[in-house]
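The file coords.cif contains mmCIF, C-alpha atoms:
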data_work
loop_
_atom_site.label_atom_id
_atom_site.label_comp_id
_atom_site.auth_asym_id
_atom_site.auth_seq_id
_atom_site.Cartn_x
_atom_site.Cartn_y
_atom_site.Cartn_z
CA MET A 1 -15.34 -41.17 8.68
CA THR A 2 -18.20 -42.26 6.47
CA ALA A 3 -17.95 -41.38 2.81
CA GLY A 4 -21.01 -39.14 2.97
CA SER A 5 -19.73 -37.18 5.94
CA GLY A 6 -16.43 -36.47 4.15
CA GLU A 7 -18.26 -35.11 1.11
CA SER A 8 -20.47 -32.81 3.18
CA GLN A 9 -17.55 -31.61 5.32
CA ILE A 10 -15.77 -30.50 2.15
CA LEU A 11 -18.70 -28.31 1.15
CA ASP A 12 -19.16 -27.01 4.71
CA ALA A 13 -15.49 -26.01 4.93
CA TRP A 14 -15.58 -24.14 1.61
CA HIS A 15 -18.77 -22.32 2.61
CA ALA A 16 -17.11 -21.26 5.86
CA ASN A 17 -13.75 -20.31 4.34
CA ALA A 18 -14.78 -18.72 1.05
CA GLN A 19 -13.72 -15.24 2.05
CA ALA A 20 -10.33 -16.29 3.42
CA TRP A 21 -9.77 -18.34 0.26
CA GLU A 22 -10.63 -15.44 -2.03
CA ARG A 23 -8.10 -13.31 -0.16
CA ALA A 24 -5.42 -16.05 -0.25
CA VAL A 25 -5.75 -16.54 -4.01
CA ARG A 26 -5.88 -12.85 -4.88
CA SER A 27 -2.85 -11.98 -2.77
CA GLY A 28 -0.79 -14.89 -4.14
CA GLN A 29 -0.39 -16.41 -0.65
CA ILE A 30 0.15 -19.97 -1.77
CA GLU A 31 3.76 -20.27 -2.89
CA SER A 32 3.44 -23.43 -5.00
CA ARG A 33 0.61 -21.82 -6.95
CA ARG A 34 2.53 -18.60 -7.47
CA LEU A 35 5.76 -20.34 -8.49
CA VAL A 36 4.51 -23.35 -10.41
CA THR A 37 0.98 -24.62 -10.59
CA ASP A 38 -0.95 -21.52 -11.75
CA GLN A 39 1.16 -21.20 -14.88
CA ALA A 40 1.23 -24.97 -15.34
CA ILE A 41 -2.56 -25.26 -15.61
CA ILE A 42 -2.75 -22.24 -17.92
CA ASP A 43 -0.10 -23.77 -20.20
CA ALA A 44 -1.77 -27.19 -20.17
CA VAL A 45 -5.16 -25.73 -21.09
CA LEU A 46 -3.78 -23.43 -23.79
CA SER A 47 -1.81 -26.33 -25.33
CA GLN A 48 -5.22 -27.55 -26.50
CA ALA A 49 -5.86 -24.21 -28.29
CA PRO A 50 -9.44 -24.17 -26.96
CA ARG A 51 -12.14 -21.71 -27.95
CA THR A 52 -14.32 -22.70 -24.99
CA ALA A 53 -13.70 -24.09 -21.52
CA ILE A 54 -15.72 -25.25 -18.51
CA ASP A 55 -13.96 -24.69 -15.18
CA LEU A 56 -15.42 -27.08 -12.60
CA GLY A 57 -14.80 -25.80 -9.08
CA CYS A 58 -13.75 -22.41 -10.41
CA GLY A 59 -13.61 -20.74 -6.99
CA GLU A 60 -13.16 -16.96 -7.19
CA GLY A 61 -12.46 -17.19 -10.90
CA TRP A 62 -8.75 -16.37 -11.33
CA LEU A 63 -8.23 -19.09 -13.94
CA ALA A 64 -11.26 -18.04 -15.97
CA ARG A 65 -9.91 -14.50 -16.05
CA ALA A 66 -6.44 -15.71 -17.09
CA LEU A 67 -7.91 -17.82 -19.88
CA ALA A 68 -10.24 -15.03 -20.99
CA LYS A 69 -7.17 -12.87 -21.56
CA ALA A 70 -5.96 -15.56 -23.97
CA GLY A 71 -9.28 -15.42 -25.81
CA VAL A 72 -10.96 -18.46 -24.27
CA GLN A 73 -14.69 -18.27 -23.48
CA VAL A 74 -15.08 -19.78 -20.00
CA THR A 75 -18.04 -21.10 -18.03
CA GLY A 76 -17.14 -21.33 -14.35
CA ILE A 77 -19.06 -23.59 -11.99
CA ASP A 78 -18.77 -23.65 -8.22
CA ALA A 79 -20.97 -24.91 -5.39
CA ILE A 80 -20.14 -21.97 -3.11
CA PRO A 81 -22.28 -18.87 -3.79
CA ALA A 82 -19.82 -16.48 -2.13
CA LEU A 83 -17.05 -17.60 -4.49
CA VAL A 84 -19.29 -17.36 -7.55
CA ASP A 85 -20.32 -13.86 -6.44
CA ALA A 86 -16.65 -12.90 -6.18
CA ALA A 87 -15.97 -14.33 -9.63
CA GLN A 88 -18.93 -12.54 -11.19
CA ALA A 89 -17.82 -9.24 -9.68
CA GLN A 90 -14.51 -9.50 -11.56
CA GLY A 91 -15.90 -10.85 -14.83
CA GLY A 92 -13.89 -12.77 -17.40
CA GLY A 93 -16.43 -15.53 -17.85
CA THR A 94 -19.93 -16.76 -17.13
CA PHE A 95 -20.23 -18.10 -13.59
CA GLN A 96 -22.94 -20.27 -12.08
CA VAL A 97 -23.62 -21.75 -8.66
CA MET A 98 -23.88 -25.46 -9.25
CA SER A 99 -22.75 -28.45 -7.17
CA TYR A 100 -20.93 -31.45 -8.63
CA ALA A 101 -24.10 -33.42 -7.90
CA ASP A 102 -26.01 -30.96 -10.09
CA VAL A 103 -23.45 -31.38 -12.89
CA SER A 104 -23.54 -35.18 -12.53
CA GLY A 105 -27.31 -34.95 -12.76
CA GLY A 106 -27.12 -33.19 -16.12
CA ALA A 107 -27.81 -29.59 -15.01
CA LEU A 108 -25.00 -28.15 -17.14
CA GLN A 109 -26.19 -28.26 -20.73
CA GLU A 110 -23.16 -27.27 -22.75
CA ARG A 111 -20.06 -28.77 -24.32
CA ALA A 112 -16.61 -27.20 -24.42
CA ASP A 113 -13.20 -27.83 -25.96
CA VAL A 114 -11.70 -28.22 -22.50
CA VAL A 115 -13.11 -29.19 -19.12
CA ILE A 116 -10.85 -28.11 -16.26
CA CYS A 117 -10.63 -29.26 -12.65
CA ASN A 118 -7.82 -27.28 -10.99
CA PHE A 119 -7.24 -28.64 -7.48
CA SER A 120 -11.00 -29.04 -7.27
CA LEU A 121 -11.43 -32.82 -7.09
CA LEU A 122 -11.41 -33.35 -3.35
CA GLY A 123 -14.05 -35.97 -2.61
CA GLU A 124 -14.57 -39.66 -3.24
CA SER A 125 -17.93 -40.65 -4.72
CA SER A 126 -18.65 -37.07 -5.83
CA VAL A 127 -15.52 -37.16 -8.00
CA HIS A 128 -16.38 -40.46 -9.65
CA ALA A 129 -19.89 -39.19 -10.42
CA LEU A 130 -18.48 -35.95 -11.83
CA LEU A 131 -15.90 -37.72 -14.03
CA VAL A 132 -18.61 -39.93 -15.51
CA ALA A 133 -20.43 -36.74 -16.54
CA VAL A 134 -17.36 -35.20 -18.22
CA PRO A 135 -17.69 -36.97 -21.60
CA GLY A 136 -21.10 -35.29 -21.88
CA LEU A 137 -19.45 -31.87 -21.38
CA LEU A 138 -16.72 -32.33 -24.00
CA LYS A 139 -16.79 -31.70 -27.71
CA ALA A 140 -15.69 -34.66 -29.84
CA ASP A 141 -11.97 -33.86 -29.74
CA GLY A 142 -12.11 -32.12 -26.37
CA ALA A 143 -9.89 -32.75 -23.36
CA LEU A 144 -10.30 -33.00 -19.62
CA VAL A 145 -7.45 -31.26 -17.78
CA VAL A 146 -7.13 -32.13 -14.08
CA GLN A 147 -4.47 -30.66 -11.80
CA THR A 148 -4.16 -32.18 -8.34
CA LEU A 149 -1.65 -32.92 -5.59
CA HIS A 150 0.97 -35.34 -6.87
CA PRO A 151 0.17 -38.51 -4.94
CA LEU A 152 3.78 -39.57 -4.54
CA ALA A 153 5.52 -36.22 -4.31
CA THR A 154 3.32 -35.12 -1.40
CA GLY A 155 4.76 -37.77 0.90
CA VAL A 156 1.24 -38.62 2.12
CA GLU A 157 1.32 -42.05 3.74
CA PRO A 158 0.28 -44.78 3.54
CA TYR A 159 0.23 -44.87 -0.26
CA ARG A 160 -3.34 -46.15 -0.39
CA ASP A 161 -6.64 -44.55 -1.36
CA GLY A 162 -8.53 -43.08 1.56
CA TRP A 163 -9.76 -40.01 3.39
CA ARG A 164 -7.08 -37.76 4.91
CA GLU A 165 -7.17 -34.80 7.26
CA GLY A 166 -6.96 -31.50 5.45
CA SER A 167 -5.04 -28.37 6.33
CA TRP A 168 -4.89 -24.70 5.35
CA ILE A 169 -1.15 -24.52 6.06
CA GLY A 170 0.52 -22.21 3.56
CA CYS A 171 -2.73 -20.42 2.69
CA GLY A 172 -2.28 -17.50 5.09
CA ASP A 173 -4.53 -16.26 7.90
CA GLY A 174 -8.24 -16.22 8.53
CA PHE A 175 -9.09 -19.85 7.88
CA GLY A 176 -11.29 -21.95 10.14
CA GLU A 177 -11.79 -25.71 10.26
CA PRO A 178 -10.15 -27.51 7.28
CA ALA A 179 -11.98 -30.16 5.27
CA PRO A 180 -10.88 -33.75 4.84
CA TRP A 181 -9.92 -34.85 1.35
CA TYR A 182 -9.79 -38.16 -0.46
CA PHE A 183 -6.31 -39.37 -1.40
CA ARG A 184 -5.92 -41.38 -4.61
CA THR A 185 -2.78 -43.14 -5.80
CA LEU A 186 -1.62 -42.45 -9.35
CA GLY A 187 -2.91 -45.86 -10.34
CA SER A 188 -6.32 -45.00 -8.91
CA TRP A 189 -6.48 -41.74 -10.86
CA VAL A 190 -5.74 -43.63 -14.09
CA ALA A 191 -8.43 -46.18 -13.19
CA ALA A 192 -10.93 -43.41 -12.41
CA PHE A 193 -10.47 -41.83 -15.86
CA GLU A 194 -10.72 -45.22 -17.53
CA ALA A 195 -13.93 -46.01 -15.61
CA ALA A 196 -15.42 -42.71 -16.78
CA GLY A 197 -14.83 -43.53 -20.46
CA LEU A 198 -11.87 -41.16 -20.67
CA GLN A 199 -8.44 -42.04 -21.98
CA LEU A 200 -5.33 -40.61 -20.41
CA LYS A 201 -3.13 -38.99 -23.05
CA ARG A 202 -0.62 -36.94 -21.11
CA MET A 203 0.65 -36.69 -17.56
CA ILE A 204 2.51 -33.48 -16.78
CA GLU A 205 4.58 -33.18 -13.61
CA PRO A 206 5.53 -29.51 -13.13
CA LEU A 207 8.72 -29.28 -11.08
CA HIS A 208 8.99 -26.99 -8.09
CA PRO A 209 12.04 -24.79 -8.73
CA HIS A 210 13.30 -25.20 -5.16
CA THR A 211 12.83 -28.92 -4.58
CA GLU A 212 13.09 -30.08 -8.23
CA ARG A 213 10.31 -32.53 -7.34
CA PRO A 214 6.82 -32.41 -8.92
CA ALA A 215 4.72 -29.67 -7.34
CA SER A 216 1.56 -31.28 -8.74
CA VAL A 217 0.39 -33.63 -11.45
CA ILE A 218 -1.73 -32.64 -14.44
CA PHE A 219 -3.70 -35.36 -16.21
CA MET A 220 -4.96 -34.71 -19.73
CA ALA A 221 -7.58 -37.13 -21.02
CA GLY A 222 -9.72 -37.35 -24.12
CA LEU A 223 -12.85 -39.22 -25.04
CA ARG A 224 -12.23 -42.91 -25.53
CA ALA A 225 -13.07 -44.05 -29.03
CA GLY A 226 -16.43 -45.75 -28.97
CA SER A 227 -17.51 -44.28 -25.63
CA MET B 1 27.65 -39.91 -22.16
CA THR B 2 26.43 -40.06 -25.73
CA ALA B 3 23.16 -41.84 -26.31
CA GLY B 4 24.79 -44.50 -28.46
CA SER B 5 27.45 -45.28 -25.87
CA GLY B 6 24.79 -45.80 -23.17
CA GLU B 7 22.93 -48.27 -25.36
CA SER B 8 26.06 -50.30 -26.14
CA GLN B 9 27.25 -50.25 -22.52
CA ILE B 10 23.93 -51.82 -21.50
CA LEU B 11 24.46 -54.74 -23.86
CA ASP B 12 28.14 -55.05 -22.89
CA ALA B 13 27.27 -55.22 -19.19
CA TRP B 14 24.64 -57.91 -19.72
CA HIS B 15 27.01 -59.96 -21.84
CA ALA B 16 29.62 -59.73 -19.09
CA ASN B 17 27.26 -60.39 -16.18
CA ALA B 18 24.91 -62.99 -17.64
CA GLN B 19 26.12 -65.80 -15.41
CA ALA B 20 25.99 -63.75 -12.20
CA TRP B 21 22.49 -62.60 -13.17
CA GLU B 22 21.28 -66.12 -13.82
CA ARG B 23 22.52 -67.12 -10.38
CA ALA B 24 20.96 -64.05 -8.71
CA VAL B 25 17.55 -64.69 -10.23
CA ARG B 26 17.51 -68.43 -9.58
CA SER B 27 18.59 -68.07 -5.95
CA GLY B 28 16.04 -65.31 -5.27
CA GLN B 29 18.78 -62.84 -4.30
CA ILE B 30 16.87 -59.67 -5.12
CA GLU B 31 14.53 -59.00 -2.22
CA SER B 32 12.08 -56.68 -3.99
CA ARG B 33 11.60 -59.29 -6.71
CA ARG B 34 11.07 -62.09 -4.21
CA LEU B 35 8.68 -60.10 -2.01
CA VAL B 36 6.77 -58.03 -4.55
CA THR B 37 7.58 -57.58 -8.19
CA ASP B 38 7.81 -61.20 -9.44
CA GLN B 39 4.26 -61.97 -8.32
CA ALA B 40 3.06 -58.52 -9.44
CA ILE B 41 4.10 -59.06 -13.07
CA ILE B 42 2.63 -62.59 -13.07
CA ASP B 43 -0.68 -61.25 -11.72
CA ALA B 44 -0.75 -58.36 -14.18
CA VAL B 45 -0.13 -60.65 -17.17
CA LEU B 46 -2.64 -63.27 -16.03
CA SER B 47 -5.30 -60.59 -15.47
CA GLN B 48 -5.43 -60.44 -19.29
CA ALA B 49 -6.18 -64.19 -19.47
CA PRO B 50 -3.72 -64.58 -22.34
CA ARG B 51 -3.18 -67.71 -24.42
CA THR B 52 0.08 -66.38 -25.85
CA ALA B 53 2.78 -63.99 -24.67
CA ILE B 54 6.01 -62.47 -25.97
CA ASP B 55 8.56 -61.74 -23.23
CA LEU B 56 10.97 -59.06 -24.50
CA GLY B 57 14.22 -59.16 -22.54
CA CYS B 58 13.30 -62.51 -21.03
CA GLY B 59 16.71 -63.11 -19.43
CA GLU B 60 17.12 -66.62 -18.05
CA GLY B 61 13.42 -67.30 -18.54
CA TRP B 62 11.91 -67.46 -15.03
CA LEU B 63 8.78 -65.52 -16.07
CA ALA B 64 8.19 -67.66 -19.15
CA ARG B 65 8.35 -70.76 -16.94
CA ALA B 66 5.96 -69.23 -14.40
CA LEU B 67 3.48 -68.29 -17.14
CA ALA B 68 3.83 -71.70 -18.83
CA LYS B 69 2.67 -73.27 -15.57
CA ALA B 70 -0.49 -71.17 -15.91
CA GLY B 71 -1.02 -72.47 -19.44
CA VAL B 72 0.41 -69.52 -21.39
CA GLN B 73 2.46 -70.20 -24.51
CA VAL B 74 5.50 -67.90 -24.28
CA THR B 75 8.07 -66.71 -26.79
CA GLY B 76 11.09 -65.28 -24.97
CA ILE B 77 13.49 -62.89 -26.69
CA ASP B 78 16.82 -61.73 -25.34
CA ALA B 79 19.93 -60.20 -26.88
CA ILE B 80 22.31 -62.15 -24.65
CA PRO B 81 23.06 -65.70 -25.94
CA ALA B 82 24.18 -67.00 -22.54
CA LEU B 83 20.82 -66.05 -21.00
CA VAL B 84 18.85 -67.56 -23.88
CA ASP B 85 20.91 -70.75 -23.52
CA ALA B 86 20.06 -70.85 -19.82
CA ALA B 87 16.37 -70.34 -20.60
CA GLN B 88 16.35 -73.04 -23.26
CA ALA B 89 17.98 -75.50 -20.88
CA GLN B 90 15.05 -75.13 -18.48
CA GLY B 91 12.27 -75.03 -21.09
CA GLY B 92 8.83 -73.57 -20.51
CA GLY B 93 8.77 -71.57 -23.75
CA THR B 94 10.42 -70.90 -27.08
CA PHE B 95 13.50 -68.73 -26.70
CA GLN B 96 15.41 -66.81 -29.35
CA VAL B 97 18.49 -64.60 -29.38
CA MET B 98 17.31 -61.31 -30.83
CA SER B 99 18.23 -57.71 -30.01
CA TYR B 100 15.67 -54.94 -29.61
CA ALA B 101 17.06 -53.48 -32.84
CA ASP B 102 16.18 -56.79 -34.54
CA VAL B 103 12.65 -56.67 -33.12
CA SER B 104 12.27 -53.01 -34.13
CA GLY B 105 13.40 -54.02 -37.60
CA GLY B 106 10.61 -56.58 -37.93
CA ALA B 107 12.57 -59.78 -37.23
CA LEU B 108 9.93 -61.18 -34.88
CA GLN B 109 7.04 -62.32 -37.04
CA GLU B 110 4.30 -63.21 -34.56
CA ARG B 111 1.50 -61.61 -32.59
CA ALA B 112 0.51 -62.44 -29.03
CA ASP B 113 -2.20 -61.60 -26.53
CA VAL B 114 0.37 -59.98 -24.25
CA VAL B 115 3.78 -58.42 -24.85
CA ILE B 116 5.82 -58.20 -21.65
CA CYS B 117 8.82 -56.07 -20.70
CA ASN B 118 9.77 -56.93 -17.13
CA PHE B 119 12.52 -54.56 -15.95
CA SER B 120 13.95 -54.88 -19.44
CA LEU B 121 13.50 -51.35 -20.84
CA LEU B 122 16.83 -49.81 -19.88
CA GLY B 123 17.90 -47.65 -22.82
CA GLU B 124 16.78 -44.46 -24.51
CA SER B 125 16.40 -44.61 -28.30
CA SER B 126 16.33 -48.42 -28.27
CA VAL B 127 13.24 -48.31 -26.04
CA HIS B 128 11.38 -45.84 -28.23
CA ALA B 129 12.14 -47.93 -31.32
CA LEU B 130 11.00 -51.09 -29.53
CA LEU B 131 7.74 -49.54 -28.29
CA VAL B 132 6.89 -48.39 -31.81
CA ALA B 133 7.20 -52.04 -32.90
CA VAL B 134 4.90 -53.34 -30.14
CA PRO B 135 1.57 -52.68 -31.90
CA GLY B 136 2.82 -55.03 -34.65
CA LEU B 137 3.38 -57.76 -32.05
CA LEU B 138 -0.07 -57.52 -30.41
CA LYS B 139 -3.32 -59.15 -31.38
CA ALA B 140 -6.23 -56.72 -31.80
CA ASP B 141 -7.28 -56.73 -28.14
CA GLY B 142 -3.81 -57.46 -26.81
CA ALA B 143 -1.95 -55.61 -24.09
CA LEU B 144 1.58 -54.43 -23.47
CA VAL B 145 2.63 -55.00 -19.84
CA VAL B 146 5.73 -53.08 -18.71
CA GLN B 147 7.20 -53.32 -15.22
CA THR B 148 9.95 -50.87 -14.34
CA LEU B 149 11.46 -48.92 -11.46
CA HIS B 150 8.90 -46.47 -10.10
CA PRO B 151 10.34 -43.11 -11.17
CA LEU B 152 9.22 -41.29 -8.04
CA ALA B 153 9.48 -44.04 -5.45
CA THR B 154 13.14 -44.72 -6.31
CA GLY B 155 14.23 -41.31 -5.06
CA VAL B 156 16.40 -40.85 -8.16
CA GLU B 157 17.18 -37.16 -8.58
CA PRO B 158 16.82 -34.87 -10.35
CA TYR B 159 13.34 -35.83 -11.52
CA ARG B 160 14.20 -35.36 -15.18
CA ASP B 161 14.80 -37.79 -18.04
CA GLY B 162 18.41 -38.73 -18.52
CA TRP B 163 21.11 -41.36 -18.27
CA ARG B 164 22.00 -42.53 -14.75
CA GLU B 165 24.78 -44.65 -13.34
CA GLY B 166 23.69 -48.25 -12.75
CA SER B 167 24.43 -50.56 -9.86
CA TRP B 168 24.20 -54.24 -9.00
CA ILE B 169 23.59 -53.49 -5.31
CA GLY B 170 21.18 -56.02 -3.86
CA CYS B 171 21.87 -58.59 -6.59
CA GLY B 172 24.48 -60.59 -4.67
CA ASP B 173 28.09 -61.44 -5.58
CA GLY B 174 29.96 -62.03 -8.79
CA PHE B 175 28.96 -58.95 -10.74
CA GLY B 176 31.37 -56.77 -12.69
CA GLU B 177 30.91 -53.31 -14.17
CA PRO B 178 27.26 -52.13 -14.03
CA ALA B 179 25.54 -50.55 -17.03
CA PRO B 180 24.06 -47.07 -17.14
CA TRP B 181 20.31 -46.80 -17.59
CA TYR B 182 17.96 -44.17 -18.90
CA PHE B 183 15.66 -42.60 -16.31
CA ARG B 184 12.17 -41.52 -17.44
CA THR B 185 9.64 -39.58 -15.39
CA LEU B 186 6.12 -40.98 -15.16
CA GLY B 187 4.99 -38.30 -17.59
CA SER B 188 7.67 -39.38 -20.05
CA TRP B 189 6.57 -43.03 -19.86
CA VAL B 190 2.98 -42.00 -20.64
CA ALA B 191 4.24 -39.87 -23.54
CA ALA B 192 6.38 -42.77 -24.84
CA PHE B 193 3.37 -45.11 -24.97
CA GLU B 194 1.25 -42.42 -26.63
CA ALA B 195 3.98 -41.78 -29.23
CA ALA B 196 4.07 -45.50 -30.03
CA GLY B 197 0.33 -45.63 -30.77
CA LEU B 198 -0.42 -47.35 -27.46
CA GLN B 199 -3.11 -46.33 -25.02
CA LEU B 200 -2.35 -46.52 -21.29
CA LYS B 201 -5.20 -48.31 -19.55
CA ARG B 202 -3.91 -49.22 -16.11
CA MET B 203 -1.04 -48.23 -13.86
CA ILE B 204 -0.36 -50.68 -11.04
CA GLU B 205 1.89 -49.65 -8.15
CA PRO B 206 2.71 -52.79 -6.12
CA LEU B 207 3.52 -51.82 -2.55
CA HIS B 208 6.62 -53.09 -0.81
CA PRO B 209 5.42 -54.74 2.43
CA HIS B 210 8.17 -53.11 4.50
CA THR B 211 8.12 -49.54 3.22
CA GLU B 212 4.47 -49.42 2.07
CA ARG B 213 5.76 -47.42 -0.90
CA PRO B 214 5.56 -48.65 -4.51
CA ALA B 215 8.27 -51.22 -5.22
CA SER B 216 7.76 -50.70 -8.96
CA VAL B 217 5.24 -49.47 -11.48
CA ILE B 218 3.43 -51.65 -14.01
CA PHE B 219 1.96 -49.96 -17.09
CA MET B 220 -0.70 -51.79 -19.07
CA ALA B 221 -1.46 -50.39 -22.50
CA GLY B 222 -3.59 -51.48 -25.42
CA LEU B 223 -3.72 -50.56 -29.07
CA ARG B 224 -5.12 -47.11 -29.64
CA ALA B 225 -8.25 -47.15 -31.72
CA GLY B 226 -7.39 -46.21 -35.28
CA SER B 227 -3.66 -46.85 -34.92
#

Exercise: express the given structure as structure tokens:
Amino acid sequence: MTAGSGESQILDAWHANAQAWERAVRSGQIESRRLVTDQAIIDAVLSQAPRTAIDLGCGEGWLARALAKAGVQVTGIDAIPALVDAAQAQGGGTFQVMSYADVSGGALQERADVVICNFSLLGESSVHALLVAVPGLLKADGALVVQTLHPLATGVEPYRDGWREGSWIGCGDGFGEPAPWYFRTLGSWVAAFEAAGLQLKRMIEPLHPHTERPASVIFMAGLRAGS
Amino acid sequence: MTAGSGESQILDAWHANAQAWERAVRSGQIESRRLVTDQAIIDAVLSQAPRTAIDLGCGEGWLARALAKAGVQVTGIDAIPALVDAAQAQGGGTFQVMSYADVSGGALQERADVVICNFSLLGESSVHALLVAVPGLLKADGALVVQTLHPLATGVEPYRDGWREGSWIGCGDGFGEPAPWYFRTLGSWVAAFEAAGLQLKRMIEPLHPHTERPASVIFMAGLRAGS
């Protein structure tokens, strides 16, 4: 797979599966989200006591709504119009159709206390370009909060960066072709933040209550002094 | 186990097993060291192009000798006199008997380009106290380089901080009672560096050639701006 084809397949798959995804999230289909990772990202974001947040790859907007209930003013961004429509219909934030390429290009002209990427960093070059744009979206003492698959707890092999086949297993019915995704080792995530002028401050590993292994990893990074 | 008893058992076990350890290291008994982690720590340290290094928990001095060959001036510190004697007999650096409590208390009055802890952070409170002292041992653009067991790749369960039973399995013959050691999750290591005023910059996960899983993790941290 060429890098460019992986990136475009990700967008194609989300366009095609937006409706099934909206249904899966709203019905709590995905067990690890219901049991662990939904609350984990909410807790991580609220630990920053933010007034404002930007949710990059907000999907159908559940996290924006949860944060709005806690008094946070959220801007949600997603490349998939059907998901943004679904988010707007429920309210809880301001939602805009915008691709990561748009954000990297400077289309989002605001700064927030927290920038969130909740299981929404799926590509290779698109992710690096987006991370480089994050310092420009953060207030001076703001934080980036990224939740993603835990590279080691997933058992994905080999333990080397690269594109992997995706799957909708565990998401319920109604899904079509899955998208590939780009696997990064923990070391590569740390390097990616460093390369973007961000400094890793915390790494949270929420445990799955059944396996007692990390269900995900949450990276919290701030602006590097001088960057 | 009380925290204090774990710390003293670690020192007792190294006193009792110093000779067996010296033999194990010099004969290349420990496969993961021979195949992966010895070269990994040398490469990580040399990537900083240091002129000077402090090796905390230097043992019988193999790393100091390897770095001396690359032109690095090394001060080796270890709490076990028999290991320091063995290191001094081979040369390659300046070696001193000093406990981590001594170092935490300010007994080591020098600064280096790199401070190294190679599989030598085994305790709980002793490690926190030592890490807090590290900024005082580093030159302004210096780096702490810590190699340790990879918390997730070891398969140690549960994945929670705590004391664990030790073992000399894989080290060869002649060993007596093993010492307990304090397990930290990856998130807890990151938090420990942060609490000590250190900023994690790189995380290296050297792969074992047989398993293609990380044989260890190497953390590289610098001084946090303003600390």

Quiz item: Could you list, as a PyMOL selection string, every residue of chain A that has an atom within 10 Å of an atom of chain B, counting all atoms listed in the file?
Solution: chain A and resi 151-153+155+157-160+185-195+198-207+211-214+217-219+224-226

Output C-alpha atoms for every residue in that selection, as an mmCIF file, keeping the file's coordinate frame.
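Writing done, so here's again09.cif:
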data_model
loop_
_atom_site.group_PDB
_atom_site.id
_atom_site.type_symbol
_atom_site.label_atom_id
_atom_site.label_comp_id
_atom_site.auth_asym_id
_atom_site.auth_seq_id
_atom_site.Cartn_x
_atom_site.Cartn_y
_atom_site.Cartn_z
ATOM 1 C CA PRO A 151 0.170 -38.510 -4.940
ATOM 2 C CA LEU A 152 3.780 -39.570 -4.540
ATOM 3 C CA ALA A 153 5.520 -36.220 -4.310
ATOM 4 C CA GLY A 155 4.760 -37.770 0.900
ATOM 5 C CA GLU A 157 1.320 -42.050 3.740
ATOM 6 C CA PRO A 158 0.280 -44.780 3.540
ATOM 7 C CA TYR A 159 0.230 -44.870 -0.260
ATOM 8 C CA ARG A 160 -3.340 -46.150 -0.390
ATOM 9 C CA THR A 185 -2.780 -43.140 -5.800
ATOM 10 C CA LEU A 186 -1.620 -42.450 -9.350
ATOM 11 C CA GLY A 187 -2.910 -45.860 -10.340
ATOM 12 C CA SER A 188 -6.320 -45.000 -8.910
ATOM 13 C CA TRP A 189 -6.480 -41.740 -10.860
ATOM 14 C CA VAL A 190 -5.740 -43.630 -14.090
ATOM 15 C CA ALA A 191 -8.430 -46.180 -13.190
ATOM 16 C CA ALA A 192 -10.930 -43.410 -12.410
ATOM 17 C CA PHE A 193 -10.470 -41.830 -15.860
ATOM 18 C CA GLU A 194 -10.720 -45.220 -17.530
ATOM 19 C CA ALA A 195 -13.930 -46.010 -15.610
ATOM 20 C CA LEU A 198 -11.870 -41.160 -20.670
ATOM 21 C CA GLN A 199 -8.440 -42.040 -21.980
ATOM 22 C CA LEU A 200 -5.330 -40.610 -20.410
ATOM 23 C CA LYS A 201 -3.130 -38.990 -23.050
ATOM 24 C CA ARG A 202 -0.620 -36.940 -21.110
ATOM 25 C CA MET A 203 0.650 -36.690 -17.560
ATOM 26 C CA ILE A 204 2.510 -33.480 -16.780
ATOM 27 C CA GLU A 205 4.580 -33.180 -13.610
ATOM 28 C CA PRO A 206 5.530 -29.510 -13.130
ATOM 29 C CA LEU A 207 8.720 -29.280 -11.080
ATOM 30 C CA THR A 211 12.830 -28.920 -4.580
ATOM 31 C CA GLU A 212 13.090 -30.080 -8.230
ATOM 32 C CA ARG A 213 10.310 -32.530 -7.340
ATOM 33 C CA PRO A 214 6.820 -32.410 -8.920
ATOM 34 C CA VAL A 217 0.390 -33.630 -11.450
ATOM 35 C CA ILE A 218 -1.730 -32.640 -14.440
ATOM 36 C CA PHE A 219 -3.700 -35.360 -16.210
ATOM 37 C CA ARG A 224 -12.230 -42.910 -25.530
ATOM 38 C CA ALA A 225 -13.070 -44.050 -29.030
ATOM 39 C CA GLY A 226 -16.430 -45.750 -28.970
#

On this structure, which residues satisfy the PyMOL selection byres ((chain A and resi 170-177) around 7), written as a compact mmCIF listing (two decimals) with C-alpha atoms, keeping the file's coordinate frame?
# COMPACT_ATOMS: atom_id res chain seq x y z
CA ALA A 13 -15.49 -26.01 4.93
CA ASN A 17 -13.75 -20.31 4.34
CA ALA A 20 -10.33 -16.29 3.42
CA ALA A 24 -5.42 -16.05 -0.25
CA GLN A 29 -0.39 -16.41 -0.65
CA ILE A 30 0.15 -19.97 -1.77
CA TRP A 168 -4.89 -24.70 5.35
CA ILE A 169 -1.15 -24.52 6.06
CA PRO A 178 -10.15 -27.51 7.28
CA ALA A 179 -11.98 -30.16 5.27

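We find atom CA of Gln19 of chain B and atom CA of Ala89 of chain B to be spaced 13.8 Å apart.
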
Quiz item: So which one's closest to Pro180 of chain B, B:Glu31, B:Asp102, B:Asp141, B:Glu124? Using only C-alpha atoms, please.
Solution: B:Glu124

Taking the file as shown, what set of residues would the PyMOL selection byres ((chain A and resi 54) around 7) give back, as a short mmCIF file (atom, residue, chain, number, x, y, z; two decimals) with C-alpha atoms, in the coordinates of the input?
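Now in expr.cif:
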data_model
loop_
_atom_site.label_atom_id
_atom_site.label_comp_id
_atom_site.auth_asym_id
_atom_site.auth_seq_id
_atom_site.Cartn_x
_atom_site.Cartn_y
_atom_site.Cartn_z
CA ALA A 53 -13.70 -24.09 -21.52
CA ASP A 55 -13.96 -24.69 -15.18
CA LEU A 56 -15.42 -27.08 -12.60
CA VAL A 74 -15.08 -19.78 -20.00
CA THR A 75 -18.04 -21.10 -18.03
CA GLY A 76 -17.14 -21.33 -14.35
CA ALA A 112 -16.61 -27.20 -24.42
CA VAL A 114 -11.70 -28.22 -22.50
CA VAL A 115 -13.11 -29.19 -19.12
CA ILE A 116 -10.85 -28.11 -16.26
#
